[in-house]
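Below is upload.pdb, holding PDB, C-alpha atoms, pLDDT in the B column.
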ATOM      1  CA  MET A 939      -3.972   5.654  11.656  1.00 69.00           C
ATOM      2  CA  LYS A 940      -6.809   8.146  11.921  1.00 73.00           C
ATOM      3  CA  ARG A 941      -4.443  10.642  13.490  1.00 77.00           C
ATOM      4  CA  SER A 942      -1.923  10.193  10.655  1.00 73.00           C
ATOM      5  CA  VAL A 943      -4.629  10.927   8.106  1.00 65.00           C
ATOM      6  CA  GLU A 944      -5.396  14.182   9.930  1.00 69.00           C
ATOM      7  CA  ILE A 945      -1.752  15.183  10.433  1.00 67.00           C
ATOM      8  CA  TYR A 946      -0.739  14.598   6.810  1.00 63.00           C
ATOM      9  CA  GLY A 947      -3.996  15.927   5.356  1.00 68.00           C
ATOM     10  CA  LEU A 948      -4.689  12.721   3.451  1.00 68.00           C
ATOM     11  CA  ASN A 949      -8.438  13.284   3.591  1.00 75.00           C
ATOM     12  CA  LEU A 950      -8.472  16.750   2.033  1.00 72.00           C
ATOM     13  CA  PRO A 951     -11.221  16.880  -0.626  1.00 79.00           C
ATOM     14  CA  ARG A 952      -8.943  17.928  -3.503  1.00 83.00           C
ATOM     15  CA  LEU A 953      -6.419  15.213  -2.638  1.00 81.00           C
ATOM     16  CA  VAL A 954      -9.113  12.539  -2.381  1.00 84.00           C
ATOM     17  CA  GLY A 955     -10.565  13.748  -5.699  1.00 90.00           C
ATOM     18  CA  ALA A 956      -7.157  13.636  -7.403  1.00 88.00           C
ATOM     19  CA  ARG A 957      -6.553  10.058  -6.236  1.00 88.00           C
ATOM     20  CA  ALA A 958     -10.033   9.051  -7.427  1.00 91.00           C
ATOM     21  CA  LYS A 959      -9.383  10.615 -10.856  1.00 93.00           C
ATOM     22  CA  VAL A 960      -6.103   8.717 -11.224  1.00 92.00           C
ATOM     23  CA  MET A 961      -7.885   5.486 -10.341  1.00 93.00           C
ATOM     24  CA  ARG A 962     -10.654   6.157 -12.903  1.00 94.00           C
ATOM     25  CA  ASP A 963      -8.060   6.973 -15.571  1.00 93.00           C
ATOM     26  CA  ILE A 964      -6.172   3.752 -14.804  1.00 92.00           C
ATOM     27  CA  GLU A 965      -9.336   1.678 -15.048  1.00 93.00           C
ATOM     28  CA  LEU A 966     -10.284   3.281 -18.381  1.00 92.00           C
ATOM     29  CA  ALA A 967      -6.790   2.725 -19.838  1.00 90.00           C
ATOM     30  CA  TYR A 968      -6.870  -0.875 -18.575  1.00 91.00           C
ATOM     31  CA  GLN A 969     -10.300  -1.541 -20.115  1.00 91.00           C
ATOM     32  CA  THR A 970      -9.180  -0.091 -23.452  1.00 88.00           C
ATOM     33  CA  LEU A 971      -6.034  -2.210 -23.347  1.00 87.00           C
ATOM     34  CA  VAL A 972      -8.004  -5.380 -22.585  1.00 88.00           C
ATOM     35  CA  GLU A 973     -10.419  -4.669 -25.442  1.00 87.00           C
ATOM     36  CA  GLN A 974      -7.505  -4.241 -27.840  1.00 84.00           C
ATOM     37  CA  LEU A 975      -5.905  -7.459 -26.598  1.00 84.00           C
ATOM     38  CA  GLU A 976      -9.195  -9.339 -27.030  1.00 83.00           C
ATOM     39  CA  GLU A 977      -9.451  -8.077 -30.608  1.00 81.00           C
ATOM     40  CA  ASP A 978      -5.909  -9.360 -31.067  1.00 71.00           C
ATOM     41  CA  LYS A 979      -4.736  -6.011 -32.358  1.00 68.00           C
ATOM     42  CA  ASP A 980      -1.062  -5.194 -32.343  1.00 72.00           C
ATOM     43  CA  SER A 981      -1.086  -1.469 -32.773  1.00 78.00           C
ATOM     44  CA  PRO A 982       0.831   1.585 -31.609  1.00 82.00           C
ATOM     45  CA  ALA A 983      -2.159   2.427 -29.392  1.00 80.00           C
ATOM     46  CA  LEU A 984      -1.722  -0.869 -27.574  1.00 82.00           C
ATOM     47  CA  THR A 985       1.921  -0.070 -26.913  1.00 85.00           C
ATOM     48  CA  ARG A 986       0.991   3.429 -25.692  1.00 85.00           C
ATOM     49  CA  HIS A 987      -1.628   2.072 -23.281  1.00 83.00           C
ATOM     50  CA  LYS A 988       0.851  -0.403 -21.806  1.00 88.00           C
ATOM     51  CA  ALA A 989       3.406   2.394 -21.407  1.00 90.00           C
ATOM     52  CA  GLN A 990       0.804   4.682 -19.841  1.00 90.00           C
ATOM     53  CA  LEU A 991      -0.046   2.094 -17.194  1.00 92.00           C
ATOM     54  CA  ARG A 992       3.621   1.412 -16.437  1.00 92.00           C
ATOM     55  CA  GLU A 993       4.438   5.121 -16.168  1.00 92.00           C
ATOM     56  CA  ALA A 994       1.481   5.745 -13.864  1.00 92.00           C
ATOM     57  CA  THR A 995       2.727   3.058 -11.477  1.00 93.00           C
ATOM     58  CA  MET A 996       6.360   4.195 -11.353  1.00 92.00           C
ATOM     59  CA  SER A 997       7.402   5.365  -7.898  1.00 87.00           C
ATOM     60  CA  ASP A 998       8.023   8.928  -9.086  1.00 88.00           C
ATOM     61  CA  ALA A 999       4.565   9.320 -10.690  1.00 90.00           C
ATOM     62  CA  SER A1000       1.909  11.442  -9.000  1.00 90.00           C
ATOM     63  CA  PHE A1001      -0.422   9.222  -6.988  1.00 91.00           C
ATOM     64  CA  ALA A1002       1.507   6.121  -8.048  1.00 91.00           C
ATOM     65  CA  LEU A1003       0.233   4.127  -5.081  1.00 91.00           C
ATOM     66  CA  ALA A1004      -3.398   4.865  -6.002  1.00 92.00           C
ATOM     67  CA  ALA A1005      -2.680   3.872  -9.606  1.00 93.00           C
ATOM     68  CA  ARG A1006      -0.891   0.689  -8.549  1.00 92.00           C
ATOM     69  CA  SER A1007      -3.604  -0.327  -6.074  1.00 93.00           C
ATOM     70  CA  LYS A1008      -6.322   0.147  -8.702  1.00 94.00           C
ATOM     71  CA  LEU A1009      -4.395  -1.787 -11.315  1.00 93.00           C
ATOM     72  CA  LEU A1010      -3.676  -4.611  -8.866  1.00 93.00           C
ATOM     73  CA  SER A1011      -7.407  -4.873  -8.112  1.00 95.00           C
ATOM     74  CA  LEU A1012      -8.144  -5.608 -11.782  1.00 94.00           C
ATOM     75  CA  PRO A1013      -7.766  -9.077 -13.364  1.00 93.00           C
ATOM     76  CA  ASN A1014      -4.153  -9.569 -14.485  1.00 91.00           C
ATOM     77  CA  GLY A1015      -3.507  -5.904 -13.714  1.00 91.00           C
ATOM     78  CA  SER A1016      -0.213  -6.728 -12.021  1.00 90.00           C
ATOM     79  CA  TYR A1017       1.188  -7.618 -15.442  1.00 90.00           C
ATOM     80  CA  PHE A1018       0.914  -3.947 -16.470  1.00 91.00           C
ATOM     81  CA  CYS A1019       2.438  -2.418 -13.322  1.00 91.00           C
ATOM     82  CA  ALA A1020       5.941  -1.021 -13.420  1.00 90.00           C
ATOM     83  CA  ALA A1021       8.515  -3.646 -12.477  1.00 86.00           C
ATOM     84  CA  PRO A1022      11.902  -3.031 -10.846  1.00 80.00           C
ATOM     85  CA  GLU A1023      13.645  -3.330 -14.199  1.00 74.00           C
ATOM     86  CA  ASP A1024      11.546  -0.406 -15.505  1.00 77.00           C
ATOM     87  CA  TYR A1025      13.165   1.998 -13.059  1.00 73.00           C
ATOM     88  CA  PRO A1026      16.197   3.999 -14.156  1.00 73.00           C
ATOM     89  CA  VAL A1027      19.609   2.843 -12.983  1.00 70.00           C
ATOM     90  CA  VAL A1028      21.027   5.125 -10.321  1.00 69.00           C
ATOM     91  CA  ALA A1029      24.801   5.570 -10.335  1.00 71.00           C
ATOM     92  CA  MET A1030      26.448   5.359  -6.957  1.00 69.00           C
TER      93      MET A1030
END
Output the file's structure as structure tokens, nothing else.
Amino acid sequence: MKRSVEIYGLNLPRLVGARAKVMRDIELAYQTLVEQLEEDKDSPALTRHKAQLREATMSDASFALAARSKLLSLPNGSYFCAAPEDYPVVAM
């Protein structure tokens, strides 16, 4: 595993920093969403926050795995992750 990290450059400072930023952004969006849910608000902002979390965890999003892992570490965070039905249909 250590060798893979070196070969693929997964420990480069800018890459580590970018993953950390995505994780901080996800946590902030999650906290805002939870606060809005607790206040029982049904607003466009609530819908945008849900969409933001889903988009960040789509497989084609930058650092999607970091976003997904952070969201899954939060209480009920899995509810806001992108689900298979959120992915576009690919014609064969």
message: One decimal, in Å: what's the spacing between atom CA of A:Val960 and atom CA of A:Arg992?
response: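 It comes out at 13.2 Å.
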message: For a quick check of your reading of the model, name the residues lying within 12 Å of the coordinate (-1.3, -1.6, -7.7), counting only C-alpha atoms, and write them as a count of residues only.
response: 31
task: Would you list the contacts of stretch 985-989 of chain A as a list in words, taking every protein, DNA or RNA residue within 8 Å and counting only C-alpha atoms, but skipping same-chain residues closer than 6 positions in sequence?
output: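 The neighbour list is Ala967, Tyr968, Thr970, Leu971 and Phe1018 of chain A.
Going from atom CA of A:Glu993 over to atom CA of A:Glu977, you cover 24.0 Å.
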task: Would you work out the distance separating atom CA of A:Ser1000 from atom CA of A:Arg957, expressed in Å to one decimal?
output: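 Computed distance, atom CA of A:Ser1000 to atom CA of A:Arg957, equals 9.0 Å.
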Given 5 Å of margin on each side, can you work out the centre and size in Å (one decimal) of an axis-aligned box holding every listed atom of stretch 993-998 of chain A, as lines of an AutoDock Vina configuration file?
center_x = 4.8
center_y = 6.0
center_z = -12.0
size_x = 16.5
size_y = 15.9
size_z = 18.3
Generate N, CA and C atoms for stretch 1002-1014 of chain A and emit them as a compact mmCIF listing (two decimals), keeping the file's coordinate frame.
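The resulting selection.txt:
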# COMPACT_ATOMS: atom_id res chain seq x y z
N ALA A 1002 1.11 7.44 -7.55
CA ALA A 1002 1.51 6.12 -8.05
C ALA A 1002 0.89 4.99 -7.23
N LEU A 1003 0.80 5.18 -5.92
CA LEU A 1003 0.23 4.13 -5.08
C LEU A 1003 -1.25 3.92 -5.39
N ALA A 1004 -1.98 4.99 -5.63
CA ALA A 1004 -3.40 4.86 -6.00
C ALA A 1004 -3.52 4.15 -7.34
N ALA A 1005 -2.66 4.51 -8.29
CA ALA A 1005 -2.68 3.87 -9.61
C ALA A 1005 -2.34 2.39 -9.48
N ARG A 1006 -1.31 2.08 -8.72
CA ARG A 1006 -0.89 0.69 -8.55
C ARG A 1006 -1.98 -0.12 -7.85
N SER A 1007 -2.58 0.43 -6.80
CA SER A 1007 -3.60 -0.33 -6.07
C SER A 1007 -4.81 -0.60 -6.96
N LYS A 1008 -5.19 0.37 -7.80
CA LYS A 1008 -6.32 0.15 -8.70
C LYS A 1008 -5.98 -0.92 -9.73
N LEU A 1009 -4.80 -0.82 -10.30
CA LEU A 1009 -4.39 -1.79 -11.32
C LEU A 1009 -4.29 -3.19 -10.72
N LEU A 1010 -3.79 -3.30 -9.50
CA LEU A 1010 -3.68 -4.61 -8.87
C LEU A 1010 -5.04 -5.21 -8.52
N SER A 1011 -6.06 -4.36 -8.42
CA SER A 1011 -7.41 -4.87 -8.11
C SER A 1011 -8.12 -5.42 -9.36
N LEU A 1012 -7.55 -5.16 -10.53
CA LEU A 1012 -8.14 -5.61 -11.78
C LEU A 1012 -7.53 -6.94 -12.23
N PRO A 1013 -8.30 -7.78 -12.92
CA PRO A 1013 -7.77 -9.08 -13.36
C PRO A 1013 -6.49 -8.92 -14.20
N ASN A 1014 -5.46 -9.60 -13.81
CA ASN A 1014 -4.15 -9.57 -14.48
C ASN A 1014 -3.53 -8.17 -14.55
